[in-house]
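**Student:** Here's a structure for you.
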Amino acid sequence: MNNTNTNTNNNNTQSQDEQVSPGFDYLATKGEPENSVLYKRPSNRGSHEPIGIDFLSDNELSRDIDMCVSTPDLPAIKIYVGIFDIDGSCKINGETMPFLKYVIEPGSTITFPSIELACSEVESNDEYFKTETTLFLMQILGIKGQPSDPTFYDQVFRGMVFNATHKCCLAMFDYRKCLTLLGDNSSEEGMVLLTWAIVDELVFERRVWNIPVDVAVSDTMRQNPVLWKLSVAFPFAEYMVKETESGVFTTDLSPNNNAPTLFQHGDTIDSYKYGEEYGDVFIFTQKPLLDDGTGSDRKYARYAVFTDGAKYILEDQHHHEYLEYVSKKNVGSHTSDYNADAGDVEVAAPDVIYFVEDRITRSPTQMWGVRESDRFVRI
């Protein structure tokens with residue numbers, strides 16, 4: 001019996017599986033104005049209130065470990081354990097915006113926890129696969145022993161997909177269901193501190209903290225949209241901009257400070273380029289602002305940020321036209337939004353702006369300004 005817990009990350013070379021499944025043109029349109037057709041990028045425990053989305057409960061994923069039978073020359077199969085959760089912490093205009101996140105194992109690459117099973121054992125006994133993966137799942141969660149409920153596996157397992165190129169399998173497990181079934185054993189004190197990543201990082205950017213994602217994991221995810229696609233928008237993975245007492249702007253450190261920074265108009269330190277016109281916002285950037293020379297970004301906190309409805313300030317002319325429109329309407333700039341094709345129709349002020357900041361940074365930097373704190377949460 002070969003049952004080797006594989007905790008060392010792979011240093012796989014880039015594969016030829018570069019394209020997201022047909023119909024998803026996100027990579028080609030990233031960063032374009034809001035009138036383009038965008039496929040947007042999508043706390044340790046997050047929100048565990050019922051979300052109303054029963055993800056992967058009714059799908060065509062395989063529930064039998066049969067790939068070894070169809071691949072006779074494969075002595076062992078690597079099983080990636082995809083533990084997913086649906087976080088319901090964020091809202092837009094009072095409506096919950098659920099998003100998927102997955103347990104990751106950081107190292108030289110970002111990967112999913114994995115275990116290697118001998119095909120000679122797996123192909124002859126499906127119970128062997130169930131037993132070994134269940135024990136490994138409990139180990140990941142920091143729970144000793146086996147679950148008391150004999151139906152635990154059947155309730156938390158959502159199916160698997162096989163990647164012939166990488167000779168691996170990705171088995172999906174419902175984290176929220178695990179918490180429910182494990183009861184008292186799944187308390188915050190009884191479980192290990194898990195590290196999470198979101199769809200934006202694993203599928204589209206293929207990097208977390210500037211660390212590449214294991215090619216086998218990202219390829220398998222990209223080839224199977226059923227593993228990550230919800231019927232709602234995806235949040236971006238961003239870093240929050242914060243100021244120090246000396247007025248130097250940096251990126252939020254994790255996990256030292258949970259208080260977000262609101263850039264307030266009128267405060268010398270908090271003043272940003274468009275503060276006078278667009279008001280107080282939380283500011284995010286896709287990359288950390290300062291490099292301390294260590295080569296590691298893992299100390300920085302990452303946030304899932306919903307940017308739906310963002311106003312893209314792509315050039316100063318656009319900004320001036322907006323101000324002229326506000327002036328002609330004789331209304332406050334925070335209650336009206338410029339729309340060149342709307343005539344005299346007033347629309348709500350933007351809750352999110354996308355702009356290039358050159359006042360609080362050493363060099364021009366692309367940033368998101370978010371008005372409502374409900375639109376983001378720590379990953």
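Ligands are numbered from 1 in the order shown, chains are lettered A, B, ... in the order of the structure tokens, and residues start at 1 in each chain.
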Give me, as a list in words, all polymer residues having an atom no more than 7 Å from Asp85 in chain A, counting only C-alpha atoms and skipping those fewer than 4 positions away in the same chain.
**Tutor:**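 Counting only the stated atoms, we get Leu100, Lys101, Tyr102, Asp174, Tyr175 and Arg176 of chain A.
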**Student:** For Ile110 in chain A, list every protein, DNA or RNA residue within 8 Å, evaluated using only C-alpha atoms, and leave out those in the same chain fewer than 5 positions away; present the list as a PyMOL selection string.
**Tutor:** chain A and resi 9+104-105+207-208+211-214
**Student:** For C-alpha atoms, I'd like the residues from the last selection saved as an mmCIF file, in the first residue's frame.
**Tutor:**
data_model
loop_
_atom_site.group_PDB
_atom_site.id
_atom_site.type_symbol
_atom_site.label_atom_id
_atom_site.label_comp_id
_atom_site.auth_asym_id
_atom_site.auth_seq_id
_atom_site.Cartn_x
_atom_site.Cartn_y
_atom_site.Cartn_z
ATOM 1 C CA ASN A 9 4.831 21.711 -3.585
ATOM 2 C CA ILE A 104 -4.411 26.272 -0.161
ATOM 3 C CA GLU A 105 -0.989 25.035 0.906
ATOM 4 C CA ARG A 207 -0.603 33.604 -8.539
ATOM 5 C CA VAL A 208 -1.167 34.188 -4.823
ATOM 6 C CA ILE A 211 3.758 33.023 -5.825
ATOM 7 C CA PRO A 212 2.811 30.884 -8.854
ATOM 8 C CA VAL A 213 -0.033 28.410 -8.491
ATOM 9 C CA ASP A 214 0.776 24.728 -9.048
#
**Student:** Select, from A:Phe282, A:Phe162, A:Phe112, A:Tyr153, the residue with the minimum atom-to-atom distance to Asp252 in chain A, counting only C-alpha atoms.
**Tutor:**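 The closest residue to Asp252 in chain A is A:Phe282.
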**Student:** Using only C-alpha atoms, determine which residues lie at most 10 Å from Asp149 in chain A, disregarding the query and same-chain residues fewer than 4 positions distant; provide the list as number ranges by chain.
**Tutor:** A: 153, 155, 181-182
**Student:** For the selection you just gave me, I'd like the residues written to a file as a short mmCIF file (atom, residue, chain, number, x, y, z; two decimals), in the first residue's frame, keeping N, CA and C atoms.
**Tutor:**
data_model
loop_
_atom_site.label_atom_id
_atom_site.label_comp_id
_atom_site.auth_asym_id
_atom_site.auth_seq_id
_atom_site.Cartn_x
_atom_site.Cartn_y
_atom_site.Cartn_z
N TYR A 153 -18.58 11.06 4.66
CA TYR A 153 -17.94 11.16 3.35
C TYR A 153 -18.96 11.48 2.26
N GLN A 155 -21.72 12.92 2.41
CA GLN A 155 -22.34 14.24 2.54
C GLN A 155 -21.39 15.39 2.19
N LEU A 181 -21.32 18.85 10.22
CA LEU A 181 -21.32 17.45 10.64
C LEU A 181 -20.35 17.18 11.78
N LEU A 182 -19.25 17.93 11.85
CA LEU A 182 -18.27 17.70 12.91
C LEU A 182 -18.69 18.34 14.22
#
**Student:** Counting only C-alpha atoms, what are the residues of range 210-248 of chain A within 9 Å of range 166-171 of chain A, and for each of them which pair of atoms is the nearest and at what distance in Å, to one decimal? Sort the table by chain and rising number, as a Markdown table.
**Tutor:**
| residue | atom | partner | partner_atom | distance |
| --- | --- | --- | --- | --- |
| A:Val215 | CA | A:His166 | CA | 8.7 |
| A:Ala216 | CA | A:His166 | CA | 5.9 |
| A:Val217 | CA | A:Leu170 | CA | 7.9 |
| A:Asp219 | CA | A:His166 | CA | 8.9 |
| A:Thr220 | CA | A:Leu170 | CA | 7.5 |
| A:Met221 | CA | A:Leu170 | CA | 8.7 |
**Student:** Would you mind exporting the chosen residues as a JSON list (two decimals), in the first residue's frame, restricted to C-alpha atoms?
**Tutor:**
[["chain", "number", "residue", "atom", "x", "y", "z"],
["A", 215, "VAL", "CA", 0.19, 24.23, -12.79],
["A", 216, "ALA", "CA", -1.67, 20.96, -12.22],
["A", 217, "VAL", "CA", -4.12, 22.74, -9.92],
["A", 219, "ASP", "CA", -4.97, 23.84, -15.31],
["A", 220, "THR", "CA", -7.50, 21.45, -13.80],
["A", 221, "MET", "CA", -9.55, 24.34, -12.44]]
**Student:** Which residue out of A:Glu238, A:Asp297, A:Asp280, A:Asp154 has the minimum interatomic distance to Thr134 in chain A when only C-alpha atoms are used?
**Tutor:**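 Using only C-alpha atoms, the shortest distance to Thr134 in chain A belongs to A:Asp154.
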**Student:** Per DSSP on the backbone, filter range 63-307 of chain A down to the residues in helix (DSSP H, G or I) and report them as an MDAnalysis selection string.
**Tutor:** chainID A and resid 67:70 119:122 126:141 152:156 175:186 199:205 215:223 225:227 275:278
**Student:** Considering only C-alpha atoms, return as a CSV table (one decimal) with C-alpha atoms, in the first residue's frame whatever protein or nucleic-acid residues lie within 7 Å of range 299-303 of chain A, sequence-local ones (same chain, fewer than 4 positions apart) excluded.
**Tutor:**
chain,number,residue,atom,x,y,z
A,237,ALA,CA,-7.9,39.8,-5.0
A,238,GLU,CA,-6.4,43.1,-3.9
A,239,TYR,CA,-4.2,44.7,-1.3
A,251,THR,CA,0.1,48.0,2.2
A,252,ASP,CA,-1.9,46.5,5.0
A,253,LEU,CA,0.1,43.9,6.9
A,254,SER,CA,-1.4,40.6,7.9
A,255,PRO,CA,-2.5,39.8,10.6
A,376,PHE,CA,-14.7,43.7,0.7
A,377,VAL,CA,-13.4,41.2,3.2
A,378,ARG,CA,-10.1,39.6,4.1
A,379,ILE,CA,-9.3,36.4,2.3
**Student:** One decimal, in Å: what's the spacing between CA of Leu194 in chain A and CA of Ile283 in chain A?
**Tutor:**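 A separation of 26.4 Å between them.
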**Student:** May I ask which of the residues A:Asp73, A:Gly279, A:Cys178, A:Thr307 is the closest one to Met138 in chain A, counting only C-alpha atoms?
**Tutor:** A:Cys178
**Student:** What's around Tyr274 in chain A at 10 Å? Count only C-alpha atoms, leave out sequence neighbours fewer than 4 positions away in its own chain, and write the answer as a PyMOL selection string.
**Tutor:** chain A and resi 265+278-280+313+319+353+355-357+359+369
**Student:** Export N, CA and C atoms of the chosen residues as an mmCIF file, in the first residue's frame?
**Tutor:**
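Full text of out.cif as output:
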data_model
loop_
_atom_site.group_PDB
_atom_site.id
_atom_site.type_symbol
_atom_site.label_atom_id
_atom_site.label_comp_id
_atom_site.auth_asym_id
_atom_site.auth_seq_id
_atom_site.Cartn_x
_atom_site.Cartn_y
_atom_site.Cartn_z
ATOM 1 N N HIS A 265 -11.469 62.970 2.657
ATOM 2 C CA HIS A 265 -11.194 64.258 2.040
ATOM 3 C C HIS A 265 -10.980 65.323 3.112
ATOM 4 N N TYR A 278 -14.800 62.727 -5.458
ATOM 5 C CA TYR A 278 -15.437 61.436 -5.257
ATOM 6 C C TYR A 278 -15.565 61.044 -3.789
ATOM 7 N N GLY A 279 -15.018 61.843 -2.893
ATOM 8 C CA GLY A 279 -15.264 61.623 -1.479
ATOM 9 C C GLY A 279 -14.395 60.561 -0.823
ATOM 10 N N ASP A 280 -14.841 60.122 0.355
ATOM 11 C CA ASP A 280 -14.073 59.190 1.181
ATOM 12 C C ASP A 280 -14.165 57.772 0.620
ATOM 13 N N ILE A 313 -11.896 56.020 -14.442
ATOM 14 C CA ILE A 313 -11.344 57.341 -14.766
ATOM 15 C C ILE A 313 -10.067 57.089 -15.552
ATOM 16 N N HIS A 319 -12.541 62.994 -16.520
ATOM 17 C CA HIS A 319 -12.775 63.552 -15.188
ATOM 18 C C HIS A 319 -13.315 64.981 -15.285
ATOM 19 N N ILE A 353 -14.484 53.562 -7.862
ATOM 20 C CA ILE A 353 -13.784 54.211 -8.968
ATOM 21 C C ILE A 353 -12.466 53.489 -9.228
ATOM 22 N N PHE A 355 -8.761 54.279 -10.970
ATOM 23 C CA PHE A 355 -8.010 55.453 -11.376
ATOM 24 C C PHE A 355 -6.509 55.213 -11.208
ATOM 25 N N VAL A 356 -5.742 56.131 -11.714
ATOM 26 C CA VAL A 356 -4.282 56.110 -11.549
ATOM 27 C C VAL A 356 -3.915 57.177 -10.531
ATOM 28 N N GLU A 357 -3.356 56.765 -9.405
ATOM 29 C CA GLU A 357 -2.988 57.668 -8.310
ATOM 30 C C GLU A 357 -1.538 58.124 -8.459
ATOM 31 N N ARG A 359 -0.575 61.051 -6.323
ATOM 32 C CA ARG A 359 -0.393 62.019 -5.246
ATOM 33 C C ARG A 359 0.168 61.369 -3.982
ATOM 34 N N GLY A 369 -10.899 52.688 -5.732
ATOM 35 C CA GLY A 369 -11.451 53.399 -4.594
ATOM 36 C C GLY A 369 -12.841 52.867 -4.306
#
**Student:** Check the smallest atom-to-atom distance from each of A:Asn210, A:Gly275, A:Trp368, A:Ala118 to Ile77 in chain A using only C-alpha atoms, then report the winner.
**Tutor:**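 Residue with the minimum atom-to-atom distance to Ile77 in chain A: A:Ala118.
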**Student:** Residues within 9 Å of Thr133 in chain A, please, as a ChimeraX atom specification. Count only C-alpha atoms; anything in the same chain fewer than 3 positions from it doesn't count.
**Tutor:** /A:79,81,115,128-130,136-138,153,171
**Student:** Can I get the selection written as an mmCIF file, in the first residue's frame, with N, CA and C atoms?
**Tutor:**
data_model
loop_
_atom_site.group_PDB
_atom_site.id
_atom_site.type_symbol
_atom_site.label_atom_id
_atom_site.label_comp_id
_atom_site.auth_asym_id
_atom_site.auth_seq_id
_atom_site.Cartn_x
_atom_site.Cartn_y
_atom_site.Cartn_z
ATOM 1 N N ILE A 79 -3.919 12.710 -5.590
ATOM 2 C CA ILE A 79 -5.235 13.260 -5.309
ATOM 3 C C ILE A 79 -5.068 14.637 -4.681
ATOM 4 N N VAL A 81 -6.862 17.593 -2.848
ATOM 5 C CA VAL A 81 -8.083 17.750 -2.069
ATOM 6 C C VAL A 81 -8.524 19.215 -2.162
ATOM 7 N N ILE A 115 -2.518 13.969 -1.600
ATOM 8 C CA ILE A 115 -2.165 12.649 -1.094
ATOM 9 C C ILE A 115 -1.994 11.728 -2.295
ATOM 10 N N TYR A 128 -11.358 1.985 -0.156
ATOM 11 C CA TYR A 128 -10.000 2.399 0.213
ATOM 12 C C TYR A 128 -9.807 3.887 -0.071
ATOM 13 N N PHE A 129 -10.267 4.330 -1.241
ATOM 14 C CA PHE A 129 -10.176 5.741 -1.602
ATOM 15 C C PHE A 129 -10.969 6.599 -0.619
ATOM 16 N N LYS A 130 -12.179 6.179 -0.305
ATOM 17 C CA LYS A 130 -13.016 6.934 0.611
ATOM 18 C C LYS A 130 -12.366 7.042 1.989
ATOM 19 N N PHE A 136 -7.410 11.928 5.493
ATOM 20 C CA PHE A 136 -6.565 13.054 5.110
ATOM 21 C C PHE A 136 -7.309 14.378 5.275
ATOM 22 N N LEU A 137 -8.592 14.393 4.936
ATOM 23 C CA LEU A 137 -9.416 15.584 5.108
ATOM 24 C C LEU A 137 -9.476 15.986 6.579
ATOM 25 N N MET A 138 -9.660 15.015 7.457
ATOM 26 C CA MET A 138 -9.702 15.307 8.893
ATOM 27 C C MET A 138 -8.368 15.865 9.364
ATOM 28 N N TYR A 153 -18.578 11.057 4.659
ATOM 29 C CA TYR A 153 -17.937 11.162 3.346
ATOM 30 C C TYR A 153 -18.956 11.482 2.258
ATOM 31 N N ALA A 171 -10.341 16.193 -6.120
ATOM 32 C CA ALA A 171 -11.544 15.773 -5.404
ATOM 33 C C ALA A 171 -12.066 16.940 -4.585
#
